[in-house]
>>> print(open('run27.cif').read())   # mmCIF, C-alpha atoms and all ligand atoms
data_my_file
#
loop_
_atom_site.label_atom_id
_atom_site.label_comp_id
_atom_site.auth_asym_id
_atom_site.auth_seq_id
_atom_site.Cartn_x
_atom_site.Cartn_y
_atom_site.Cartn_z
CA MET A 2 -37.58 65.57 -89.53
CA ASN A 3 -39.91 65.14 -86.56
CA VAL A 4 -39.75 61.46 -85.71
CA GLY A 5 -42.34 59.35 -83.90
CA ILE A 6 -41.53 56.05 -82.21
CA ILE A 7 -44.32 53.59 -81.43
CA GLY A 8 -43.14 50.76 -79.19
CA THR A 9 -40.51 51.53 -76.56
CA GLY A 10 -39.46 47.99 -75.63
CA LEU A 11 -35.79 46.99 -75.65
CA LEU A 12 -35.13 48.12 -79.23
CA GLY A 13 -37.60 51.01 -79.50
CA LYS A 14 -36.29 52.67 -76.33
CA SER A 15 -32.73 52.55 -77.64
CA VAL A 16 -33.64 53.85 -81.10
CA ALA A 17 -35.55 56.74 -79.48
CA THR A 18 -32.63 57.44 -77.13
CA ARG A 19 -30.21 57.62 -80.07
CA LEU A 20 -32.49 59.97 -81.99
CA LEU A 21 -32.89 62.24 -78.96
CA ASN A 22 -29.12 62.23 -78.36
CA THR A 23 -28.49 63.23 -81.99
CA GLY A 24 -30.78 66.24 -81.83
CA HIS A 25 -34.06 64.97 -83.28
CA LYS A 26 -37.46 66.01 -82.01
CA VAL A 27 -39.01 62.71 -80.92
CA THR A 28 -42.61 61.84 -80.01
CA VAL A 29 -43.22 58.45 -78.42
CA TYR A 30 -46.09 56.14 -77.56
CA ASN A 31 -46.02 52.78 -75.83
CA ARG A 32 -48.97 50.56 -74.85
CA THR A 33 -47.51 50.24 -71.35
CA LYS A 34 -46.94 53.89 -70.56
CA GLU A 35 -44.38 53.50 -67.73
CA LYS A 36 -41.83 52.25 -70.24
CA THR A 37 -41.70 55.75 -71.78
CA ASP A 38 -40.60 57.42 -68.50
CA PRO A 39 -36.83 57.29 -69.21
CA LEU A 40 -37.46 58.82 -72.65
CA ARG A 41 -39.55 61.64 -71.22
CA LYS A 42 -36.58 62.45 -68.97
CA LEU A 43 -34.37 62.64 -72.07
CA GLY A 44 -36.75 65.13 -73.71
CA ALA A 45 -39.20 62.97 -75.66
CA ASP A 46 -42.78 64.14 -76.06
CA VAL A 47 -44.85 61.26 -74.64
CA VAL A 48 -48.38 61.03 -76.07
CA GLU A 49 -51.49 58.95 -75.46
CA SER A 50 -52.02 57.21 -78.81
CA PRO A 51 -50.40 56.19 -82.11
CA ARG A 52 -52.72 58.76 -83.72
CA LYS A 53 -51.11 61.60 -81.71
CA VAL A 54 -47.65 60.35 -82.69
CA ALA A 55 -48.62 60.48 -86.36
CA GLU A 56 -50.10 63.97 -86.04
CA LYS A 57 -46.81 65.30 -84.63
CA SER A 58 -44.38 63.44 -86.90
CA ASP A 59 -43.08 63.44 -90.48
CA LEU A 60 -41.79 59.89 -90.02
CA VAL A 61 -43.38 57.33 -87.68
CA ILE A 62 -41.26 54.28 -86.84
CA THR A 63 -43.17 51.28 -85.46
CA ILE A 64 -41.05 48.92 -83.32
CA VAL A 65 -43.50 46.45 -81.82
CA LYS A 66 -43.48 42.72 -81.25
CA ASP A 67 -45.20 41.21 -84.28
CA SER A 68 -47.48 41.82 -87.27
CA GLY A 69 -50.63 41.73 -85.07
CA ALA A 70 -49.16 44.56 -83.00
CA VAL A 71 -48.21 46.51 -86.14
CA GLU A 72 -51.81 46.15 -87.40
CA SER A 73 -53.17 47.25 -84.05
CA VAL A 74 -51.08 50.46 -83.74
CA SER A 75 -51.63 51.23 -87.43
CA PHE A 76 -55.35 50.61 -87.97
CA GLY A 77 -56.81 50.10 -84.46
CA LYS A 78 -58.62 52.71 -82.39
CA ASP A 79 -56.72 56.04 -82.52
CA GLY A 80 -54.23 54.34 -84.80
CA ILE A 81 -51.58 55.87 -87.04
CA VAL A 82 -53.95 56.19 -90.03
CA ASP A 83 -56.21 58.44 -87.93
CA GLY A 84 -53.32 60.91 -87.64
CA LYS A 85 -52.75 61.07 -91.39
CA HIS A 86 -51.35 64.29 -92.94
CA ASP A 87 -49.52 65.22 -96.13
CA GLY A 88 -46.09 63.67 -96.48
CA LEU A 89 -46.44 61.26 -93.56
CA VAL A 90 -44.20 58.18 -93.95
CA VAL A 91 -44.43 55.07 -91.77
CA ALA A 92 -41.36 52.85 -91.42
CA ASP A 93 -41.93 49.50 -89.74
CA MET A 94 -38.83 48.36 -87.85
CA SER A 95 -40.48 45.33 -86.22
CA THR A 96 -39.36 41.92 -87.46
CA ILE A 97 -42.38 40.58 -89.33
CA ASN A 98 -42.79 38.33 -92.36
CA PRO A 99 -42.77 39.84 -95.87
CA ILE A 100 -46.27 38.58 -96.70
CA ALA A 101 -47.84 40.41 -93.75
CA SER A 102 -45.63 43.42 -94.44
CA ARG A 103 -46.91 43.73 -98.01
CA LYS A 104 -50.54 43.44 -96.82
CA ILE A 105 -49.99 46.17 -94.23
CA ALA A 106 -48.26 48.43 -96.79
CA LYS A 107 -51.21 47.97 -99.16
CA LYS A 108 -53.67 48.93 -96.41
CA TYR A 109 -51.64 52.07 -95.71
CA GLU A 110 -51.56 52.87 -99.42
CA GLN A 111 -55.37 52.68 -99.49
CA SER A 112 -55.36 55.32 -96.72
CA GLY A 113 -52.97 57.50 -98.76
CA ILE A 114 -49.93 56.82 -96.52
CA THR A 115 -46.57 55.44 -97.69
CA MET A 116 -45.20 52.60 -95.58
CA ILE A 117 -41.72 51.14 -95.95
CA ASP A 118 -40.23 48.17 -94.10
CA SER A 119 -37.00 49.04 -92.28
CA PRO A 120 -35.94 46.16 -90.01
CA VAL A 121 -32.51 46.33 -88.41
CA MET A 122 -29.62 44.11 -87.42
CA GLY A 123 -27.96 44.82 -84.06
CA GLY A 124 -29.49 45.20 -80.64
CA PRO A 125 -30.15 48.01 -78.16
CA SER A 126 -26.49 48.82 -77.42
CA LEU A 127 -25.61 49.22 -81.11
CA ALA A 128 -28.76 51.31 -81.61
CA GLU A 129 -27.64 53.71 -78.89
CA LYS A 130 -24.24 54.04 -80.58
CA GLY A 131 -25.76 54.57 -84.05
CA GLN A 132 -24.24 51.32 -85.30
CA LEU A 133 -27.23 49.35 -86.52
CA VAL A 134 -27.49 47.91 -90.02
CA VAL A 135 -30.74 49.12 -91.55
CA MET A 136 -32.49 47.27 -94.40
CA VAL A 137 -35.21 49.03 -96.37
CA GLY A 138 -37.98 47.85 -98.71
CA GLY A 139 -40.65 49.95 -100.41
CA SER A 140 -40.81 53.40 -102.04
CA LYS A 141 -37.29 54.59 -102.90
CA GLU A 142 -38.44 58.19 -102.72
CA ALA A 143 -39.73 57.70 -99.15
CA TYR A 144 -36.50 55.93 -98.26
CA GLU A 145 -34.40 58.85 -99.57
CA ARG A 146 -36.47 61.28 -97.47
CA CYS A 147 -36.03 59.17 -94.30
CA ARG A 148 -32.37 58.42 -94.93
CA PRO A 149 -30.96 61.07 -92.53
CA VAL A 150 -32.89 59.39 -89.70
CA PHE A 151 -31.64 55.91 -90.70
CA ASP A 152 -28.10 57.34 -90.88
CA SER A 153 -28.45 58.56 -87.28
CA ILE A 154 -29.19 55.09 -85.97
CA GLY A 155 -27.25 52.94 -88.42
CA GLU A 156 -23.75 52.81 -89.80
CA ARG A 157 -24.93 51.12 -93.00
CA THR A 158 -28.27 51.11 -94.81
CA PHE A 159 -29.24 48.73 -97.61
CA TYR A 160 -32.06 49.62 -99.96
CA LEU A 161 -33.34 46.21 -101.08
CA GLY A 162 -36.32 46.86 -103.38
CA SER A 163 -40.09 46.66 -103.07
CA ASN A 164 -42.19 46.27 -99.88
CA GLY A 165 -41.34 43.14 -97.92
CA ALA A 166 -37.84 42.74 -99.40
CA ALA A 167 -36.17 44.04 -96.26
CA ASP A 168 -38.33 41.86 -93.99
CA ALA A 169 -37.41 38.80 -96.08
CA MET A 170 -33.72 39.71 -95.69
CA LYS A 171 -34.14 40.27 -91.95
CA LEU A 172 -35.65 36.80 -91.49
CA ALA A 173 -32.73 35.23 -93.38
CA MET A 174 -30.45 37.15 -90.97
CA ASN A 175 -32.27 36.04 -87.82
CA LEU A 176 -32.08 32.42 -88.93
CA GLN A 177 -28.28 32.87 -88.65
CA ILE A 178 -28.57 34.30 -85.13
CA SER A 179 -30.93 31.64 -83.78
CA VAL A 180 -28.87 28.74 -85.14
CA LEU A 181 -25.55 30.27 -84.11
CA ALA A 182 -26.81 30.59 -80.52
CA LEU A 183 -27.67 26.88 -80.60
CA ALA A 184 -24.24 25.93 -82.02
CA ILE A 185 -22.32 27.94 -79.41
CA SER A 186 -24.58 26.57 -76.66
CA GLU A 187 -23.96 22.96 -77.66
CA GLY A 188 -20.22 23.65 -78.00
CA ILE A 189 -20.11 25.01 -74.44
CA ILE A 190 -22.18 22.09 -73.12
CA LEU A 191 -19.96 19.53 -74.87
CA ALA A 192 -16.79 21.24 -73.62
CA LYS A 193 -18.13 21.26 -70.04
CA LYS A 194 -19.22 17.61 -70.17
CA SER A 195 -15.74 16.73 -71.50
CA GLY A 196 -14.17 18.32 -68.44
CA LEU A 197 -12.98 21.44 -70.31
CA ASP A 198 -13.27 25.04 -69.15
CA PRO A 199 -15.98 26.64 -71.34
CA LEU A 200 -14.02 29.92 -71.37
CA LEU A 201 -11.09 27.99 -72.85
CA PHE A 202 -13.46 26.54 -75.46
CA LEU A 203 -14.34 30.13 -76.41
CA GLU A 204 -10.72 31.27 -76.39
CA VAL A 205 -9.83 28.52 -78.87
CA LEU A 206 -12.92 29.21 -81.00
CA ASN A 207 -12.19 32.93 -81.01
CA SER A 208 -8.64 32.25 -82.19
CA THR A 209 -9.98 30.67 -85.35
CA TYR A 210 -11.62 31.74 -88.59
CA PHE A 211 -14.96 30.54 -87.10
CA LYS A 212 -15.17 33.23 -84.42
CA THR A 213 -18.24 35.48 -84.58
CA GLY A 214 -19.45 38.62 -82.85
CA MET A 215 -21.64 36.27 -80.79
CA SER A 216 -18.79 34.00 -79.68
CA LEU A 217 -16.67 37.06 -78.85
CA LEU A 218 -19.26 39.18 -77.02
CA LYS A 219 -22.09 36.94 -75.81
CA GLY A 220 -20.04 33.72 -75.50
CA PRO A 221 -18.28 34.57 -72.21
CA LYS A 222 -21.64 35.54 -70.65
CA MET A 223 -23.18 32.28 -71.87
CA ALA A 224 -20.26 30.31 -70.36
CA LYS A 225 -20.97 32.04 -67.02
CA GLY A 226 -24.75 31.48 -67.28
CA VAL A 227 -25.53 35.21 -67.57
CA PHE A 228 -28.50 35.87 -69.86
CA GLU A 229 -29.41 39.51 -69.27
CA PRO A 230 -31.76 40.31 -72.17
CA SER A 231 -30.86 42.49 -75.13
CA PHE A 232 -33.27 40.42 -77.22
CA PHE A 233 -35.84 38.23 -75.45
CA LEU A 234 -35.85 34.51 -76.21
CA ASN A 235 -39.63 34.59 -76.79
CA VAL A 236 -39.13 37.30 -79.45
CA MET A 237 -36.54 35.10 -81.19
CA GLN A 238 -39.04 32.22 -81.09
CA LYS A 239 -41.60 34.53 -82.74
CA ASP A 240 -39.03 35.23 -85.45
CA LEU A 241 -38.60 31.49 -86.02
CA ASP A 242 -42.38 31.24 -86.51
CA GLU A 243 -42.07 34.01 -89.12
CA ILE A 244 -39.09 32.29 -90.79
CA ASN A 245 -40.90 28.95 -91.02
CA TYR A 246 -44.14 30.55 -92.23
CA THR A 247 -42.25 32.47 -94.93
CA ALA A 248 -40.32 29.35 -95.98
CA LYS A 249 -43.61 27.48 -96.36
CA GLU A 250 -45.26 30.29 -98.35
CA PHE A 251 -42.25 30.71 -100.66
CA GLY A 252 -41.56 26.96 -101.04
CA ALA A 253 -38.20 26.78 -99.24
CA ASN A 254 -37.35 23.56 -97.37
CA LEU A 255 -35.52 24.57 -94.16
CA PRO A 256 -35.18 21.57 -91.82
CA VAL A 257 -32.73 23.39 -89.54
CA ALA A 258 -35.14 26.32 -89.09
CA ARG A 259 -37.91 23.86 -88.19
CA LEU A 260 -35.74 22.10 -85.63
CA ALA A 261 -34.51 25.42 -84.20
CA ASN A 262 -38.11 26.53 -83.73
CA GLU A 263 -38.98 23.29 -81.89
CA LEU A 264 -36.11 23.96 -79.48
CA TYR A 265 -36.97 27.63 -78.88
CA GLN A 266 -40.66 26.68 -78.48
CA GLY A 267 -39.63 24.13 -75.86
CA ALA A 268 -37.61 26.80 -74.05
CA VAL A 269 -40.54 29.24 -74.02
CA LYS A 270 -42.84 26.49 -72.68
CA GLU A 271 -40.35 25.78 -69.88
CA GLY A 272 -40.34 29.46 -68.81
CA PHE A 273 -37.13 30.69 -70.51
CA GLY A 274 -38.94 33.27 -72.71
CA GLN A 275 -38.07 36.39 -70.74
CA ILE A 276 -34.28 35.97 -70.71
CA ASP A 277 -31.83 36.71 -73.53
CA TYR A 278 -32.14 34.40 -76.55
CA THR A 279 -28.67 33.01 -75.75
CA GLY A 280 -30.39 31.54 -72.68
CA ILE A 281 -31.37 28.75 -75.08
CA MET A 282 -28.20 27.23 -73.58
CA ALA A 283 -29.81 27.07 -70.12
CA TYR A 284 -32.78 25.24 -71.65
CA LEU A 285 -30.51 22.79 -73.52
CA GLU A 286 -28.59 22.12 -70.30
CA LYS A 287 -31.86 21.46 -68.48
CA VAL A 288 -32.95 19.04 -71.21
CA THR A 289 -29.52 17.35 -71.17
CA LYS A 290 -29.79 16.87 -67.40
CA SER A 291 -33.29 15.37 -67.58
CA ASP A 292 -32.19 13.06 -70.46
CA THR A 293 -29.25 11.59 -68.52
N1 LIG B 301 -34.09 43.59 -79.25
C1 LIG B 301 -33.40 43.46 -80.37
O1 LIG B 301 -32.17 43.28 -80.34
C2 LIG B 301 -34.06 43.52 -81.72
C3 LIG B 301 -33.25 43.66 -82.85
C4 LIG B 301 -33.83 43.73 -84.12
C5 LIG B 301 -35.20 43.64 -84.24
N2 LIG B 301 -36.00 43.49 -83.15
C6 LIG B 301 -37.45 43.44 -83.37
O2 LIG B 301 -38.03 44.64 -82.88
C7 LIG B 301 -39.35 44.37 -82.36
C8 LIG B 301 -39.40 44.80 -80.90
O3 LIG B 301 -38.44 44.02 -80.21
P1 LIG B 301 -37.96 44.36 -78.72
O4 LIG B 301 -36.70 43.64 -78.51
O5 LIG B 301 -38.03 45.82 -78.45
O6 LIG B 301 -39.12 43.60 -77.90
P2 LIG B 301 -39.77 43.93 -76.47
O7 LIG B 301 -38.77 44.55 -75.57
O8 LIG B 301 -40.48 42.69 -76.07
O9 LIG B 301 -40.87 45.07 -76.83
C9 LIG B 301 -42.00 44.76 -77.57
C10 LIG B 301 -42.76 46.04 -77.84
O10 LIG B 301 -43.94 45.73 -78.60
C11 LIG B 301 -45.08 46.29 -77.92
N3 LIG B 301 -46.26 45.47 -78.20
C12 LIG B 301 -46.38 44.12 -78.15
N4 LIG B 301 -47.63 43.73 -78.49
C13 LIG B 301 -48.32 44.88 -78.75
C14 LIG B 301 -49.65 45.16 -79.16
N5 LIG B 301 -50.52 44.17 -79.39
N6 LIG B 301 -50.01 46.45 -79.35
C15 LIG B 301 -49.14 47.46 -79.14
N7 LIG B 301 -47.84 47.27 -78.75
C16 LIG B 301 -47.44 45.99 -78.57
C17 LIG B 301 -44.69 46.24 -76.46
O11 LIG B 301 -45.54 47.08 -75.71
P3 LIG B 301 -45.69 46.81 -74.12
O12 LIG B 301 -44.52 47.47 -73.49
O13 LIG B 301 -46.99 47.45 -73.77
O14 LIG B 301 -45.73 45.31 -73.91
C18 LIG B 301 -43.24 46.73 -76.56
O15 LIG B 301 -43.19 48.13 -76.77
C19 LIG B 301 -39.59 42.87 -82.56
O16 LIG B 301 -40.29 42.65 -83.75
C20 LIG B 301 -38.17 42.31 -82.65
O17 LIG B 301 -38.13 41.08 -83.37
C21 LIG B 301 -35.46 43.45 -81.88
#
>>> encode(input="run27.cif", output="C-alpha cells")
Amino acid sequence: MNVGIIGTGLLGKSVATRLLNTGHKVTVYNRTKEKTDPLRKLGADVVESPRKVAEKSDLVITIVKDSGAVESVSFGKDGIVDGKHDGLVVADMSTINPIASRKIAKKYEQSGITMIDSPVMGGPSLAEKGQLVVMVGGSKEAYERCRPVFDSIGERTFYLGSNGAADAMKLAMNLQISVLALAISEGIILAKKSGLDPLLFLEVLNSTYFKTGMSLLKGPKMAKGVFEPSFFLNVMQKDLDEINYTAKEFGANLPVARLANELYQGAVKEGFGQIDYTGIMAYLEKVTKSDT
C-alpha cells in the first residue's frame, strides 16, 4: 500500500519513520514544512498539500492536533477530498471526540471516501519500534485492507465497531494517563516534602502491584525534573477537553476528569504547555510553593 501521512508532529513523524523503515512508500505533508525535512532524508516524498498526499496514496493517515485540524486538512483548500480516487481510505489517528469523528466520517462518505478512526496508545518511541496499540472504528472491510499498515506500526490492533468507537475508547484511555500523571506527581511532591528521596518513593512504588509503565519509565525523569516532550502537556489538556465534552454529550458524570482538566488548564495558562505532560508535576510544585 502507498501510505500518506498528514501531520508530522511528534507522533506523525515517528509513524512515518516506522513505515519508511519497514519498506513502505510514504508521502507526507505538514502545515509547517520544515518539520518534514528529517522524513525527506529517510526517503519520504514531501508534497505541498493534503490533496497531493491523497492523489499518491491508497491509505491517508491524518495525525493532527484536533478535530478542527482534521476538518481543515480533509475539506479545506486542496484538502484530502480534492485528491479523491477509487479505493482511497482515510484513517484518522488524531485523538478527537467520537461525536466529531462521526460527523467527519459522514462528510467523507458524502464525498465517496471511506474514513475510519484509528487512534493509538503509545508515544513516538513505541511508534518507531512498531509497538503501538491501534484501535479502529468504522468499515471492517476498510480496516482489513489497511491492517498490514497497522501491523507495521502496532503490536496489537483492536477492531471496536462503528465510526467513533475507537475514539471513544482512546479518550477513556487518555483519562487514565492524565490522572496517573497527577497521582505520581503528587506522590513525588509528598515524598519530597516529607524529607524522602523521590527516587526511593519510585523504587518502593515500583516494587508493588501498583507500579505502571509510567512510574517505571517516566517516574525517574519526573523525580529529576526532566520533562522532555514525547506528548505535549497542551495536547493532553486538549484531550481532557474532548473527554469532558464526550462525558457531557453521553451523560457520564466524571468529577475527576473535570478536576484534572482544571489542573492541566492552569498549567497551560502558566506556560507549561510545551513540555511533556508529566511536567504537570512542575506546575503542581509551583502551585504548592505559592500556596505555602
Ligand atoms: N505524542 C503522542 O504520544 C500521541 C500519542 C497518541 C495520540 N496522539 C495524538 O496525535 C495527534 C498529534 O499529536 P502530536 O503529539 O504529534 O502533536 P504535535 O507534535 O503538537 O503535532 C501536532 C500536529 O498537528 C498539526 N496541526 C495542528 N493544527 C493544525 C491545523 N489547523 N491544520 C493542519 N495541521 C495542524 C501540526 O502542524 P504544525 O507542525 O504546522 O503545527 C502538527 O503536525 C493529537 O491528536 C494527539 O492527541 C499523540
>>> closest_residue(input="run27.cif", among="A:Asn31, A:Ser58, A:Ser112, A:Asn22", to="ligand LIG 301 (chain B)", atoms="all atoms listed in the file")
A:Asn31
>>> closest_residue(input="run27.cif", among="A:Val61, A:Leu191, A:Met136, A:Val71", to="ligand LIG 301 (chain B)", atoms="all atoms listed in the file")
A:Val71
>>> residues_near_ligand(input="run27.cif", ligand="ligand LIG 301 (chain B)", cutoff="8 Å", atoms="all atoms listed in the file", output="PyMOL selection string")
chain A and resi 7-14+31-34+36+64-67+69-71+73-74+94-97+120-125+231-233+236-237+239-240
>>> closest_residue(input="run27.cif", among="A:Thr18, A:Ser216, A:Thr279, A:Thr289", to="A:Leu200", atoms="only C-alpha atoms")
A:Ser216
>>> axis_aligned_box(input="run27.cif", around="stretch 150-169 of chain A", padding_each_side="6 Å", output="JSON")
{"center_x": -33.0, "center_y": 49.1, "center_z": -94.7, "size_x": 30.4, "size_y": 32.6, "size_z": 29.4}
>>> closest_residue(input="run27.cif", among="A:Ala106, A:Val257, A:Val269, A:Val134", to="A:Arg157", atoms="only C-alpha atoms")
A:Val134
>>> residues_around(input="run27.cif", residues="stretch 273-278 of chain A", least_positions_apart="4", cutoff="9 Å", atoms="only C-alpha atoms", output="short mmCIF file (atom, residue, chain, number, x, y, z; two decimals) with C-alpha atoms, in the frame of the given file")
data_model
loop_
_atom_site.label_atom_id
_atom_site.label_comp_id
_atom_site.auth_asym_id
_atom_site.auth_seq_id
_atom_site.Cartn_x
_atom_site.Cartn_y
_atom_site.Cartn_z
CA SER A 179 -30.93 31.64 -83.78
CA ALA A 182 -26.81 30.59 -80.52
CA VAL A 227 -25.53 35.21 -67.57
CA PHE A 228 -28.50 35.87 -69.86
CA GLU A 229 -29.41 39.51 -69.27
CA PRO A 230 -31.76 40.31 -72.17
CA SER A 231 -30.86 42.49 -75.13
CA PHE A 232 -33.27 40.42 -77.22
CA PHE A 233 -35.84 38.23 -75.45
CA LEU A 234 -35.85 34.51 -76.21
CA ASN A 235 -39.63 34.59 -76.79
CA VAL A 236 -39.13 37.30 -79.45
CA MET A 237 -36.54 35.10 -81.19
CA GLN A 238 -39.04 32.22 -81.09
CA TYR A 265 -36.97 27.63 -78.88
CA GLN A 266 -40.66 26.68 -78.48
CA GLY A 267 -39.63 24.13 -75.86
CA ALA A 268 -37.61 26.80 -74.05
CA VAL A 269 -40.54 29.24 -74.02
CA MET A 282 -28.20 27.23 -73.58
CA ALA A 283 -29.81 27.07 -70.12
CA TYR A 284 -32.78 25.24 -71.65
#
>>> atom_distance(input="run27.cif", atom1="atom CA of A:Lys107", atom2="atom CA of A:Val91")
12.3 Å
>>> build_atoms(input="run27.cif", residues="stretch 199-218 of chain A", atoms="N, CA and C atoms", output="compact mmCIF listing (two decimals), keeping the file's coordinate frame")
# COMPACT_ATOMS: atom_id res chain seq x y z
N PRO A 199 -15.26 26.05 -70.20
CA PRO A 199 -15.98 26.64 -71.34
C PRO A 199 -15.36 27.95 -71.84
N LEU A 200 -14.68 28.68 -70.92
CA LEU A 200 -14.02 29.92 -71.37
C LEU A 200 -12.82 29.60 -72.27
N LEU A 201 -12.19 28.44 -72.00
CA LEU A 201 -11.09 27.99 -72.85
C LEU A 201 -11.63 27.55 -74.22
N PHE A 202 -12.80 26.91 -74.19
CA PHE A 202 -13.46 26.54 -75.46
C PHE A 202 -13.64 27.80 -76.32
N LEU A 203 -14.10 28.89 -75.67
CA LEU A 203 -14.34 30.13 -76.41
C LEU A 203 -13.04 30.77 -76.87
N GLU A 204 -12.01 30.67 -76.01
CA GLU A 204 -10.72 31.27 -76.39
C GLU A 204 -10.17 30.58 -77.65
N VAL A 205 -10.31 29.25 -77.68
CA VAL A 205 -9.83 28.52 -78.87
C VAL A 205 -10.68 28.90 -80.07
N LEU A 206 -12.01 28.86 -79.89
CA LEU A 206 -12.92 29.21 -81.00
C LEU A 206 -12.62 30.61 -81.53
N ASN A 207 -12.40 31.53 -80.60
CA ASN A 207 -12.19 32.93 -81.01
C ASN A 207 -10.79 33.17 -81.58
N SER A 208 -9.95 32.14 -81.55
CA SER A 208 -8.64 32.25 -82.19
C SER A 208 -8.70 31.74 -83.62
N THR A 209 -9.86 31.27 -84.03
CA THR A 209 -9.98 30.67 -85.35
C THR A 209 -10.82 31.54 -86.29
N TYR A 210 -10.82 31.13 -87.53
CA TYR A 210 -11.62 31.74 -88.59
C TYR A 210 -13.12 31.67 -88.28
N PHE A 211 -13.53 30.77 -87.38
CA PHE A 211 -14.96 30.54 -87.10
C PHE A 211 -15.50 31.40 -85.97
N LYS A 212 -14.68 32.31 -85.47
CA LYS A 212 -15.17 33.23 -84.42
C LYS A 212 -16.26 34.11 -85.02
N THR A 213 -17.18 34.57 -84.15
CA THR A 213 -18.24 35.48 -84.58
C THR A 213 -18.40 36.56 -83.51
N GLY A 214 -19.13 37.59 -83.84
CA GLY A 214 -19.45 38.62 -82.85
C GLY A 214 -20.10 37.96 -81.64
N MET A 215 -20.93 36.92 -81.90
CA MET A 215 -21.64 36.27 -80.79
C MET A 215 -20.65 35.50 -79.89
N SER A 216 -19.72 34.76 -80.52
CA SER A 216 -18.79 34.00 -79.68
C SER A 216 -17.85 34.94 -78.93
N LEU A 217 -17.57 36.11 -79.52
CA LEU A 217 -16.67 37.06 -78.85
C LEU A 217 -17.38 37.80 -77.72
N LEU A 218 -18.61 38.28 -77.98
CA LEU A 218 -19.26 39.18 -77.02
C LEU A 218 -20.25 38.49 -76.09
